[in-house]
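J.: Just one file: run.cif, with mmCIF, C-alpha atoms.
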```
data_run
loop_
_atom_site.label_atom_id
_atom_site.label_comp_id
_atom_site.auth_asym_id
_atom_site.auth_seq_id
_atom_site.Cartn_x
_atom_site.Cartn_y
_atom_site.Cartn_z
CA MET A 1 57.60 -35.54 -89.48
CA ASN A 2 55.55 -32.44 -89.53
CA PRO A 3 57.45 -29.59 -87.94
CA ILE A 4 54.42 -28.37 -86.12
CA GLN A 5 53.90 -31.78 -84.57
CA LYS A 6 57.56 -31.85 -83.60
CA ILE A 7 57.35 -28.51 -81.93
CA THR A 8 54.14 -29.49 -80.08
CA ARG A 9 55.53 -32.74 -78.79
CA THR A 10 58.61 -30.95 -77.57
CA ARG A 11 56.62 -28.35 -75.69
CA LEU A 12 54.42 -31.00 -74.13
CA LEU A 13 57.45 -32.91 -72.91
CA GLN A 14 58.67 -29.68 -71.36
CA LEU A 15 55.42 -29.44 -69.36
CA VAL A 16 55.90 -32.86 -67.74
CA PRO A 17 57.27 -32.51 -64.17
CA LYS A 18 60.87 -33.50 -63.75
CA THR A 19 60.67 -35.19 -60.32
CA ARG A 20 58.77 -38.36 -59.43
CA LYS A 21 56.87 -36.69 -56.52
CA ALA A 22 55.66 -33.87 -58.75
CA ARG A 23 54.49 -36.33 -61.40
CA MET A 24 52.45 -38.30 -58.79
CA LEU A 25 50.72 -35.15 -57.52
CA GLY A 26 49.89 -34.08 -61.04
CA ALA A 27 48.42 -37.48 -61.92
CA GLY A 28 46.18 -37.36 -58.80
CA ALA A 29 44.87 -33.93 -59.75
CA VAL A 30 44.01 -35.13 -63.26
CA PHE A 31 42.16 -38.17 -61.84
CA LEU A 32 40.02 -36.06 -59.46
CA SER A 33 39.13 -33.70 -62.30
CA MET A 34 37.93 -36.58 -64.45
CA CYS A 35 35.75 -37.91 -61.58
CA ALA A 36 34.13 -34.51 -61.13
CA PHE A 37 33.31 -34.19 -64.85
CA GLY A 38 31.90 -37.72 -64.78
CA ALA A 39 29.53 -36.94 -61.89
CA VAL A 40 28.20 -33.93 -63.78
CA ALA A 41 27.68 -36.03 -66.89
CA VAL A 42 25.55 -38.69 -65.17
CA ALA A 43 23.51 -36.25 -62.96
CA PRO A 44 19.78 -36.16 -63.88
CA ILE A 45 18.40 -33.04 -65.48
CA ALA A 46 15.27 -31.54 -63.78
CA ASN A 47 12.09 -31.30 -65.81
CA ASP A 48 10.92 -27.94 -67.05
CA PRO A 49 7.91 -26.82 -64.92
CA SER A 50 6.05 -25.87 -68.09
CA ASP A 51 6.15 -29.53 -69.18
CA LEU A 52 4.44 -30.86 -65.99
CA PRO A 53 0.76 -31.93 -66.30
CA VAL A 54 -1.85 -29.58 -64.74
CA GLN A 55 -4.94 -30.97 -62.94
CA SER A 56 -7.95 -28.84 -61.91
CA VAL A 57 -10.00 -29.72 -58.79
CA ALA A 58 -13.49 -28.27 -58.18
CA GLN A 59 -15.49 -28.70 -54.95
CA ASP A 60 -18.79 -27.20 -53.78
CA LEU A 61 -18.61 -25.51 -50.33
CA GLU A 62 -21.70 -25.14 -48.15
CA LEU A 63 -22.22 -21.56 -46.94
CA PRO A 64 -23.11 -21.04 -43.23
CA ASN A 65 -26.76 -20.51 -42.44
CA LEU A 66 -26.81 -16.99 -40.97
CA ALA A 67 -30.48 -17.23 -40.06
CA ASP A 68 -29.83 -20.19 -37.77
CA GLN A 69 -26.93 -18.38 -36.10
CA ILE A 70 -29.03 -15.27 -35.46
CA ALA A 71 -31.84 -17.38 -34.04
CA ALA A 72 -29.42 -19.17 -31.70
CA LEU A 73 -28.06 -15.85 -30.44
CA GLN A 74 -31.54 -14.54 -29.80
CA GLN A 75 -32.36 -17.59 -27.68
CA ASN A 76 -29.37 -16.86 -25.37
CA GLU A 77 -29.92 -14.22 -22.68
CA GLN A 78 -27.79 -11.15 -23.36
CA GLN A 79 -25.89 -9.49 -20.50
CA PHE A 80 -24.46 -5.97 -20.45
CA ILE A 81 -21.89 -4.37 -18.11
CA HIS A 82 -22.03 -0.63 -17.44
CA GLU A 83 -19.68 1.56 -15.39
CA GLU A 84 -20.27 5.13 -14.24
CA ARG A 85 -18.82 7.67 -11.81
CA ILE A 86 -20.86 9.40 -9.15
CA ARG A 87 -21.65 13.03 -10.03
CA ARG A 88 -22.57 15.96 -7.84
CA GLY A 89 -26.32 15.97 -7.14
CA ASP A 90 -26.80 12.35 -8.22
CA SER A 91 -29.85 10.46 -6.97
CA LEU A 92 -30.38 6.71 -7.04
CA GLY A 93 -32.72 7.19 -10.00
CA SER A 94 -30.17 9.16 -12.03
CA ILE A 95 -27.46 6.60 -11.28
CA PHE A 96 -29.74 3.76 -12.36
CA THR A 97 -30.60 5.59 -15.57
CA ARG A 98 -26.94 6.07 -16.57
CA LEU A 99 -26.21 2.44 -15.71
CA GLY A 100 -29.04 1.28 -17.96
CA ILE A 101 -31.05 -0.21 -15.07
CA GLU A 102 -34.84 -0.27 -15.44
CA ASP A 103 -35.74 -2.28 -12.36
CA ALA A 104 -38.08 -0.83 -9.73
CA GLN A 105 -37.61 -3.85 -7.46
CA ALA A 106 -33.83 -3.34 -7.42
CA GLN A 107 -34.22 0.35 -6.64
CA LYS A 108 -36.54 -0.42 -3.75
CA PHE A 109 -34.08 -2.98 -2.36
CA VAL A 110 -31.11 -0.58 -2.46
CA ARG A 111 -33.12 2.06 -0.59
CA SER A 112 -34.32 -0.30 2.14
CA ASP A 113 -31.43 -2.73 2.77
CA LYS A 114 -28.91 -1.59 5.43
CA VAL A 115 -25.85 -2.86 3.55
CA ALA A 116 -27.01 -1.86 0.06
CA ARG A 117 -27.83 1.67 1.28
CA ARG A 118 -24.09 2.35 1.62
CA LEU A 119 -24.06 2.68 -2.17
CA LEU A 120 -26.12 5.86 -1.74
CA SER A 121 -23.32 7.61 0.17
CA LEU A 122 -20.56 7.19 -2.42
CA PRO A 123 -18.50 10.40 -2.85
CA ASN A 124 -18.23 12.28 -6.13
CA GLY A 125 -15.97 10.62 -8.69
CA LYS A 126 -16.35 7.14 -7.17
CA ARG A 127 -16.90 4.31 -9.64
CA ILE A 128 -19.95 2.06 -9.60
CA GLN A 129 -20.48 -0.93 -11.89
CA ALA A 130 -23.66 -2.80 -12.85
CA GLU A 131 -24.56 -5.88 -14.87
CA THR A 132 -28.00 -5.99 -16.53
CA ASP A 133 -29.91 -8.18 -18.96
CA GLU A 134 -31.21 -6.97 -22.32
CA ASN A 135 -34.39 -5.65 -20.67
CA GLY A 136 -32.52 -3.52 -18.11
CA MET A 137 -33.17 -5.88 -15.18
CA LEU A 138 -30.38 -5.67 -12.60
CA LEU A 139 -28.23 -8.79 -12.24
CA SER A 140 -25.50 -7.34 -10.02
CA MET A 141 -24.09 -3.99 -8.89
CA SER A 142 -20.94 -3.22 -6.90
CA ALA A 143 -18.74 -0.39 -5.64
CA THR A 144 -15.88 0.03 -3.17
CA VAL A 145 -16.35 2.21 -0.08
CA VAL A 146 -13.69 3.35 2.39
CA ASP A 147 -14.38 3.78 6.11
CA GLY A 148 -13.25 7.30 6.99
CA LYS A 149 -12.22 6.34 10.54
CA SER A 150 -10.40 3.05 10.05
CA GLY A 151 -9.44 3.51 6.40
CA ASN A 152 -10.59 -0.04 5.65
CA ALA A 153 -11.88 -0.62 2.12
CA ARG A 154 -15.02 -2.71 1.62
CA THR A 155 -16.72 -3.94 -1.55
CA ILE A 156 -20.51 -3.58 -1.42
CA THR A 157 -22.29 -5.89 -3.89
CA VAL A 158 -25.97 -6.29 -4.73
CA GLU A 159 -26.81 -9.56 -6.50
CA ARG A 160 -30.01 -11.02 -7.89
CA LYS A 161 -30.85 -14.46 -6.48
CA GLY A 162 -33.89 -15.72 -8.37
CA GLU A 163 -36.70 -13.27 -7.67
CA LYS A 164 -34.92 -11.60 -4.73
CA PHE A 165 -31.78 -9.55 -4.07
CA VAL A 166 -29.01 -10.00 -1.51
CA ALA A 167 -26.40 -7.46 -0.38
CA LEU A 168 -22.83 -8.47 0.47
CA ASP A 169 -20.20 -6.52 2.42
CA GLN A 170 -16.72 -7.99 1.92
CA PRO A 171 -13.13 -6.76 2.37
CA ALA A 172 -11.88 -5.27 -0.90
CA LYS A 173 -8.99 -7.09 -2.57
CA LEU A 174 -6.61 -4.18 -2.97
CA GLU A 175 -3.30 -4.00 -4.79
CA ARG A 176 -0.51 -2.64 -2.57
CA ARG A 177 2.06 -0.33 -4.15
CA VAL A 178 5.08 1.46 -2.73
CA GLU A 179 5.40 5.09 -3.85
CA MET A 180 8.61 7.19 -3.71
CA ARG A 181 8.44 10.98 -3.79
CA SER A 182 11.01 13.76 -3.47
CA ARG A 183 10.30 17.47 -3.03
CA GLU A 184 12.25 20.69 -2.48
CA ILE A 185 10.59 23.42 -0.44
CA ALA A 186 10.28 26.76 -2.21
CA SER A 187 7.74 28.45 0.06
CA SER A 188 6.11 25.99 2.47
CA LEU A 189 5.87 22.27 3.14
CA TYR A 190 2.23 22.00 2.04
CA ALA A 191 2.86 24.06 -1.10
CA ALA A 192 5.59 21.61 -2.12
CA THR A 193 3.30 18.62 -1.63
CA ASP A 194 0.33 20.22 -3.44
CA ASP A 195 2.26 20.91 -6.67
CA ALA A 196 0.54 18.71 -9.28
CA ASN A 197 3.23 19.51 -11.86
CA MET A 198 5.93 17.73 -9.88
CA ASP A 199 6.91 14.15 -10.66
CA GLY A 200 4.18 11.82 -9.39
CA GLY A 201 1.68 14.62 -8.79
CA THR A 202 0.46 15.78 -5.40
CA ILE A 203 1.31 14.01 -2.15
CA PRO A 204 -1.69 13.17 0.10
CA ASP A 205 -2.21 15.40 3.16
CA SER A 206 -2.20 12.31 5.40
CA VAL A 207 1.39 11.62 4.33
CA VAL A 208 2.39 15.22 5.05
CA GLY A 209 0.85 14.96 8.53
CA GLU A 210 2.86 11.80 9.23
CA ILE A 211 6.07 13.51 8.05
CA ILE A 212 5.49 16.33 10.53
CA GLU A 213 4.74 13.91 13.37
CA MET A 214 7.70 11.71 12.46
CA PHE A 215 10.32 14.48 12.66
CA SER A 216 8.66 16.89 15.10
CA THR A 217 11.03 15.83 17.91
CA SER A 218 13.98 17.07 15.80
CA ILE A 219 12.47 19.85 13.65
CA ASP A 220 10.13 22.68 14.62
CA PHE A 221 8.01 22.89 11.47
CA ARG A 222 6.66 26.31 12.49
CA SER A 223 10.05 28.04 12.47
CA ASP A 224 12.91 25.75 11.41
CA VAL A 225 11.85 24.92 7.84
CA LYS A 226 13.33 27.25 5.19
CA ARG A 227 13.59 27.59 1.42
CA GLY A 228 15.90 24.95 -0.06
CA ASP A 229 15.06 22.26 2.51
CA ARG A 230 13.98 19.01 0.92
CA PHE A 231 12.48 15.68 1.86
CA ASN A 232 12.13 12.16 0.49
CA VAL A 233 9.31 9.85 1.47
CA VAL A 234 8.46 6.21 0.77
CA TYR A 235 4.85 5.26 1.54
CA GLU A 236 2.14 2.70 0.80
CA THR A 237 -0.83 3.16 -1.50
CA PHE A 238 -3.69 0.74 -2.11
CA TRP A 239 -5.43 0.44 -5.49
CA LEU A 240 -8.47 -1.27 -6.96
CA ASP A 241 -8.81 -1.68 -10.74
CA GLY A 242 -6.25 1.06 -11.36
CA GLU A 243 -7.94 3.53 -8.98
CA LEU A 244 -6.36 4.84 -5.77
CA VAL A 245 -8.51 3.72 -2.82
CA LYS A 246 -6.46 4.85 0.18
CA THR A 247 -3.00 5.85 1.38
CA GLY A 248 -1.20 3.62 3.85
CA ARG A 249 1.70 4.09 6.22
CA ILE A 250 4.98 5.90 5.59
CA LEU A 251 7.65 3.21 5.31
CA ALA A 252 10.61 5.58 5.39
CA GLY A 253 11.25 9.30 5.43
CA GLU A 254 14.17 11.67 5.12
CA PHE A 255 14.07 15.40 5.82
CA VAL A 256 17.04 17.65 5.01
CA ASN A 257 16.78 20.73 7.20
CA ARG A 258 19.51 23.40 6.95
CA GLY A 259 21.96 20.85 5.53
CA THR A 260 21.34 18.16 8.14
CA SER A 261 19.56 14.96 7.11
CA TYR A 262 17.11 13.30 9.50
CA GLN A 263 16.09 9.79 8.51
CA SER A 264 13.43 7.40 9.76
CA VAL A 265 12.37 3.82 8.92
CA TRP A 266 9.21 2.01 10.02
CA TYR A 267 9.79 -1.34 11.72
CA GLU A 268 7.02 -3.69 12.86
CA ASP A 269 7.56 -6.67 15.14
CA PRO A 270 6.42 -9.78 13.20
CA ILE A 271 4.97 -11.38 16.35
CA SER A 272 3.25 -8.57 18.25
CA LYS A 273 2.48 -6.60 15.04
CA GLN A 274 3.38 -3.41 16.92
CA GLY A 275 5.87 -1.07 15.36
CA GLY A 276 7.46 2.33 15.38
CA TYR A 277 9.90 4.61 13.59
CA TYR A 278 13.63 4.22 14.09
CA SER A 279 16.75 5.96 12.84
CA LEU A 280 18.94 4.01 10.41
CA ASP A 281 21.09 2.80 13.31
CA GLY A 282 18.08 1.30 15.10
CA LYS A 283 17.38 4.00 17.70
CA ALA A 284 13.71 4.75 18.46
CA LEU A 285 12.58 8.21 17.33
CA LYS A 286 9.41 8.67 19.33
CA LYS A 287 9.19 8.89 23.09
CA ALA A 288 7.97 5.81 24.90
CA PHE A 289 5.06 7.71 26.50
CA LEU A 290 2.99 10.72 25.46
CA LYS A 291 3.25 13.76 27.67
CA SER A 292 -0.48 13.64 28.28
CA PRO A 293 -3.31 11.20 27.55
CA LEU A 294 -5.46 14.20 26.52
CA GLN A 295 -4.59 16.38 23.55
CA TYR A 296 -5.98 19.58 25.10
CA SER A 297 -6.38 19.80 28.87
CA ARG A 298 -5.12 21.30 32.11
CA ILE A 299 -3.89 19.55 35.24
CA SER A 300 -6.36 20.05 38.06
CA SER A 301 -4.53 17.88 40.60
CA GLY A 302 -0.96 16.61 40.37
CA PHE A 303 0.97 13.68 41.83
CA SER A 304 1.25 14.96 45.42
CA MET A 305 -0.36 15.08 48.86
CA ARG A 306 -3.82 16.64 48.96
CA THR A 307 -7.15 16.74 50.76
CA HIS A 308 -9.39 14.10 49.24
CA PRO A 309 -12.44 15.83 47.72
CA ILE A 310 -14.88 13.19 49.06
CA SER A 311 -13.38 11.85 52.31
CA GLY A 312 -11.77 15.15 53.30
CA LYS A 313 -8.65 13.32 54.50
CA TRP A 314 -5.09 14.44 53.85
CA LYS A 315 -3.59 11.69 51.69
CA ALA A 316 -1.35 11.08 48.72
CA HIS A 317 -2.85 11.52 45.26
CA LYS A 318 -1.20 8.72 43.31
CA GLY A 319 -2.03 10.02 39.89
CA VAL A 320 -2.65 13.12 37.79
CA ASP A 321 -6.12 14.61 37.22
CA TYR A 322 -6.81 16.35 33.91
CA ALA A 323 -9.80 18.68 33.80
CA ALA A 324 -11.76 18.32 30.54
CA VAL A 325 -15.34 18.35 29.31
CA THR A 326 -17.31 15.11 29.19
CA GLY A 327 -16.69 13.20 25.98
CA THR A 328 -13.11 14.38 25.41
CA PRO A 329 -11.16 11.51 23.76
CA ILE A 330 -8.57 9.75 25.95
CA ARG A 331 -5.44 8.43 24.22
CA ALA A 332 -3.20 5.51 25.11
CA VAL A 333 0.14 7.00 26.17
CA ALA A 334 2.12 4.12 24.61
CA ASP A 335 1.81 0.86 22.67
CA ALA A 336 0.21 -1.68 24.96
CA THR A 337 -2.04 -4.65 25.60
CA VAL A 338 -5.36 -4.16 27.40
CA ASP A 339 -5.06 -5.64 30.88
CA PHE A 340 -8.46 -4.52 32.22
CA ALA A 341 -11.50 -2.69 30.85
CA GLY A 342 -14.68 -2.28 32.89
CA ASN A 343 -16.00 -0.96 36.19
CA GLY A 344 -13.29 -0.31 38.78
CA ASN A 345 -15.57 0.63 41.70
CA GLY A 346 -14.28 4.00 42.93
CA TYR A 347 -12.42 4.44 39.66
CA GLY A 348 -15.67 4.15 37.69
CA ASN A 349 -15.31 3.13 34.08
CA MET A 350 -11.65 2.26 33.82
CA VAL A 351 -9.02 0.91 31.40
CA VAL A 352 -5.63 -0.48 32.46
CA LEU A 353 -2.93 -0.94 29.81
CA LYS A 354 0.16 -3.15 30.06
CA HIS A 355 3.18 -1.64 28.29
CA TRP A 356 6.62 -3.08 27.60
CA SER A 357 8.90 -4.13 30.46
CA ASN A 358 7.16 -3.53 33.82
CA TYR A 359 5.32 -0.31 32.82
CA SER A 360 1.55 0.07 32.90
CA SER A 361 -1.00 2.91 32.92
CA ALA A 362 -4.55 3.36 34.23
CA TYR A 363 -7.35 5.71 33.05
CA ALA A 364 -10.37 6.24 35.33
CA HIS A 365 -13.77 7.99 35.66
CA MET A 366 -14.54 7.55 31.92
CA SER A 367 -18.01 8.39 30.66
CA ARG A 368 -17.66 5.39 28.35
CA ILE A 369 -14.99 2.97 27.17
CA ALA A 370 -14.11 2.88 23.47
CA PRO A 371 -15.16 -0.16 21.41
CA GLY A 372 -12.66 -3.01 21.14
CA MET A 373 -11.18 -2.54 24.63
CA LYS A 374 -11.10 -6.21 25.61
CA LYS A 375 -8.47 -7.96 27.70
CA GLY A 376 -5.55 -8.94 25.46
CA ALA A 377 -6.36 -6.46 22.68
CA LYS A 378 -3.36 -4.73 21.05
CA ILE A 379 -3.35 -0.93 21.40
CA SER A 380 -1.17 1.61 19.57
CA GLN A 381 0.22 4.81 21.05
CA GLY A 382 -2.28 7.64 20.58
CA GLN A 383 -5.25 5.30 19.99
CA VAL A 384 -8.50 6.44 21.61
CA ILE A 385 -9.38 4.08 24.47
CA GLY A 386 -12.27 5.97 26.08
CA TYR A 387 -13.85 9.36 26.83
CA VAL A 388 -13.71 11.75 29.77
CA GLY A 389 -16.55 11.48 32.28
CA SER A 390 -17.37 11.54 35.98
CA THR A 391 -18.12 7.95 36.96
CA GLY A 392 -17.12 6.31 40.27
CA TRP A 393 -15.90 8.47 43.13
CA SER A 394 -15.71 11.71 41.18
CA THR A 395 -17.00 15.21 41.84
CA GLY A 396 -16.79 16.48 38.26
CA ALA A 397 -15.79 15.63 34.73
CA HIS A 398 -12.08 14.82 34.57
CA LEU A 399 -9.59 12.05 33.77
CA HIS A 400 -7.67 10.37 36.58
CA TYR A 401 -4.42 9.05 35.04
CA GLU A 402 -1.93 6.76 36.80
CA PHE A 403 1.51 5.73 35.59
CA ARG A 404 2.67 2.51 37.25
CA VAL A 405 6.03 0.74 37.50
CA ALA A 406 5.80 -2.88 38.66
CA GLY A 407 2.23 -2.15 39.73
CA VAL A 408 3.15 0.86 41.91
CA ALA A 409 1.92 4.35 40.94
CA GLN A 410 4.73 6.77 40.08
CA ASP A 411 4.94 10.42 39.06
CA PRO A 412 4.68 10.31 35.22
CA ASN A 413 6.75 13.52 34.89
CA LYS A 414 9.84 11.51 35.87
CA PHE A 415 9.47 9.31 32.77
CA LYS A 416 8.80 11.89 30.05
CA SER A 417 12.23 11.45 28.47
CA LEU A 418 12.04 7.65 28.46
CA VAL A 419 12.60 6.39 24.93
CA GLN A 420 10.66 3.64 23.23
CA GLN A 421 11.54 0.02 23.97
CA PRO A 422 14.87 -0.74 22.25
CA LEU A 423 15.13 -3.45 19.63
CA SER A 424 16.46 -6.84 20.66
CA GLN A 425 19.48 -8.31 18.87
CA SER A 426 17.32 -10.50 16.62
CA GLU A 427 14.97 -7.58 15.86
CA LEU A 428 17.96 -5.34 15.16
CA ALA A 429 19.26 -7.80 12.53
CA ARG A 430 15.88 -7.81 10.75
CA PHE A 431 15.63 -4.05 11.05
CA ARG A 432 19.03 -3.51 9.41
CA MET A 433 17.87 -5.41 6.33
CA ALA A 434 14.82 -3.14 6.00
CA ALA A 435 16.92 -0.04 6.72
CA ALA A 436 19.45 -0.97 4.02
CA GLU A 437 16.68 -1.18 1.41
CA MET A 438 15.21 2.19 2.40
CA ASN A 439 18.64 3.82 2.48
CA HIS A 440 19.12 2.63 -1.09
CA ARG A 441 15.81 4.27 -2.03
CA PHE A 442 16.98 7.52 -0.41
CA SER A 443 20.14 7.42 -2.52
CA LEU A 444 18.03 7.09 -5.68
CA LEU A 445 15.93 10.11 -4.71
CA ALA A 446 18.79 12.33 -3.53
CA PRO A 447 20.29 14.83 -6.01
CA SER A 448 23.80 13.96 -7.23
CA GLY A 449 26.75 15.44 -5.41
CA ASN A 450 24.71 16.31 -2.33
CA GLY A 451 26.99 16.03 0.66
CA MET A 452 25.21 16.37 3.98
CA ALA A 453 25.41 15.17 7.56
CA ALA A 454 22.94 12.49 8.60
CA ARG A 455 21.23 12.03 11.97
#
```
Could you write out this file's structure as structure tokens?
T.:
Amino acid sequence: MNPIQKITRTRLLQLVPKTRKARMLGAGAVFLSMCAFGAVAVAPIANDPSDLPVQSVAQDLELPNLADQIAALQQNEQQFIHEERIRRGDSLGSIFTRLGIEDAQAQKFVRSDKVARRLLSLPNGKRIQAETDENGMLLSMSATVVDGKSGNARTITVERKGEKFVALDQPAKLERRVEMRSREIASSLYAATDDANMDGGTIPDSVVGEIIEMFSTSIDFRSDVKRGDRFNVVYETFWLDGELVKTGRILAGEFVNRGTSYQSVWYEDPISKQGGYYSLDGKALKKAFLKSPLQYSRISSGFSMRTHPISGKWKAHKGVDYAAVTGTPIRAVADATVDFAGNGNGYGNMVVLKHWSNYSSAYAHMSRIAPGMKKGAKISQGQVIGYVGSTGWSTGAHLHYEFRVAGVAQDPNKFKSLVQQPLSQSELARFRMAAAEMNHRFSLLAPSGNGMAAR
């Protein structure tokens, strides 16, 4: 036997496992290896891409007929939309020119129609939009106007209907936003609100006026405000197409004066739609009744015994007379519902208001009654209800004012400190939800680490 073969056989025998279990595991491994090599051997081999046949396809494509497309477009009537802003010294002609309108009939209609003429009184910077055809004929024109007295926004639209025009006056569909502003006073309240470099820009003067009125019972804004005082305010704004149209009501306010925080939240009754400002704990901030129904006046005859100026008899004067010139506005002393408006014989032109609980008030000798004073109408405190005059049994221009409790005239001076009608338990629960939200807004606006007492 060859020695090499002998040595090899010996070494191979040494590699064989000694135990039966080891030999079975080894045999299984060898079998799996052979299966794997067999699968590789019978697997198909992919063709080389260079050996695949190549087929060319050619197809004629029809190009679009541009002439037909241009002709079709020319048959359709083209419409153009222009937008401009009113400039100082603008006339209707100059506005029409910038809007691309060449339509004498439209210009004549805007000048003559009562509704369309409101477009001629747009203030500087106001936007106006027009739609014309390719020849400059007006198809439609619109702008939004705001009533200076009521603050209501209206959209005035002029539209072509065949050979004529019509003008429409509709309520503007405004987007309501809630703004939050915070300011620190460096010199004065108005200076702080007029600073355009502050976050959010300037604060409208109407908001500043409401802040003063809101906290005037707690803060004397002529002498109490000092450098370092600050305020937060949450108020409504109304927008149209990204443009501010008007400012709404203050929803909540906070004024920090000499380290003391005064807070107020607006709450409106969902049924009567009448509301007022309350502290965060639900206490009314404003007095239930104004001190006087006239802003500037003097008392010419108080609630007392006197000689009647017409009959000459000594009798009780169950009211207060305020001397004022004819036409002076008369204000409702509290939120109310109109109970009577008309001629009251000796009282002349007269309005009677029904307040909360059993309180009512009467206003007599008016020169005229304000529009909208119909029985059942809702009236807000301070709203103008009529104008001073000398109708009925009167010897001169003045307002006769009566304050009544359960229908009986009383001296109004005894009720000056009466607070506004308190919230009911159900109203108080709804109010607390609104107050919690506004308090959270105050916390977002307040500087960090600011510890102060709240009222």
J.: Can you turn the PyMOL selection byres ((chain A and resi 156) around 8) into a concrete residue list for this file, as an MDAnalysis selection string?
T.: chainID A and resid 115:116 118:119 142:145 154:155 157:158 167:170
J.: Between A:Ser261, A:Gln410, A:Thr337, A:Thr202, which one has atoms that come closest to Ala377 in chain A, using all atoms listed in the file?
T.: A:Thr337
J.: Box time for range 367-381 of chain A: axis-aligned, enclosing all its listed atoms, 6 Å extra on each side; report centre and edge lengths in Å to one decimal, as AutoDock Vina command-line options.
T.:
```
--center_x -8.9 --center_y -0.3 --center_z 25.1 --size_x 30.2 --size_y 29.3 --size_z 23.1
```
J.: Need to verify the contact set: Leu251 in chain A, 6 Å, all atoms listed in the file, exclusion of same-chain residues closer than 2 positions in sequence. Can you return it as a ChimeraX atom specification?
T.: /A:234-235,265-266
J.: At what distance in Å, to one decimal, does CA of Gln263 in chain A lie from CA of Pro293 in chain A?
T.: 27.2 Å
J.: Which polymer residues, whether protein, DNA or RNA, lie within 7 Å of the coordinate (-6.4, -0.5, 33.8) when you count all atoms listed in the file? List them as a PyMOL selection string, using the chain letters and numbers from the file.
T.: chain A and resi 339-341+350-353+361-363
J.: Restricting the calculation to all atoms listed in the file: of A:Tyr359, A:Arg227, A:Val146, A:Gly382, which residue gets closest to Leu290 in chain A?
T.: A:Gly382
J.: Between CA of Arg331 in chain A and CA of Ala252 in chain A, what is the spacing in Å?
T.: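 Value for the CA of Ala252 in chain A-CA of Arg331 in chain A distance: 24.9 Å.
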J.: Which one is closest to Gly327 in chain A: A:Gly346, A:Lys283, A:Lys108, A:Ala397? Count all atoms listed in the file.
T.: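 Checking each of A:Gly346, A:Lys283, A:Lys108, A:Ala397 against Gly327 in chain A, counting all atoms listed in the file, the winner is A:Ala397.
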J.: Name the residues that the PyMOL selection byres ((chain A and resi 181) around 8) pulls out of this structure, and write them as number ranges by chain.
T.: A: 179-180, 182-183, 199-200, 203, 232-234, 445
J.: Could you jot down the CA of Glu437 in chain A to CA of Arg177 in chain A separation for me, Å, one decimal place?
T.: 15.7 Å
J.: Smallest atom-to-atom distance to Asn343 in chain A: which of A:Ser424, A:Glu83, A:Lys375, A:Gly392, using all atoms listed in the file?
T.: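 So, comparing all the options, the nearest one is A:Gly392.
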J.: For Tyr267 in chain A, which residue out of A:Gly344, A:Gly282, A:Gly209, A:Pro123 is the nearest one, using only C-alpha atoms?
T.: A:Gly282
J.: I'd like the residues picked by the PyMOL selection byres ((chain A and resi 127-130) around 7) written out as a list in words, using the chain letters and numbers from the file.
T.: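 When the PyMOL selection byres ((chain A and resi 127-130) around 7) is applied, the selected residues are Ile81, His82, Glu83, Glu84, Arg85, Ile86, Leu99, Gly125, Lys126, Glu131, Thr132, Ser140, Met141, Ser142 and Ala143 of chain A.
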J.: Pick the closest to Gln381 in chain A from A:Glu163, A:Asp194, A:Asp335, A:Asp229: which is it, counting only C-alpha atoms?
T.: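 Of all the options, A:Asp335 lies closest to Gln381 in chain A.
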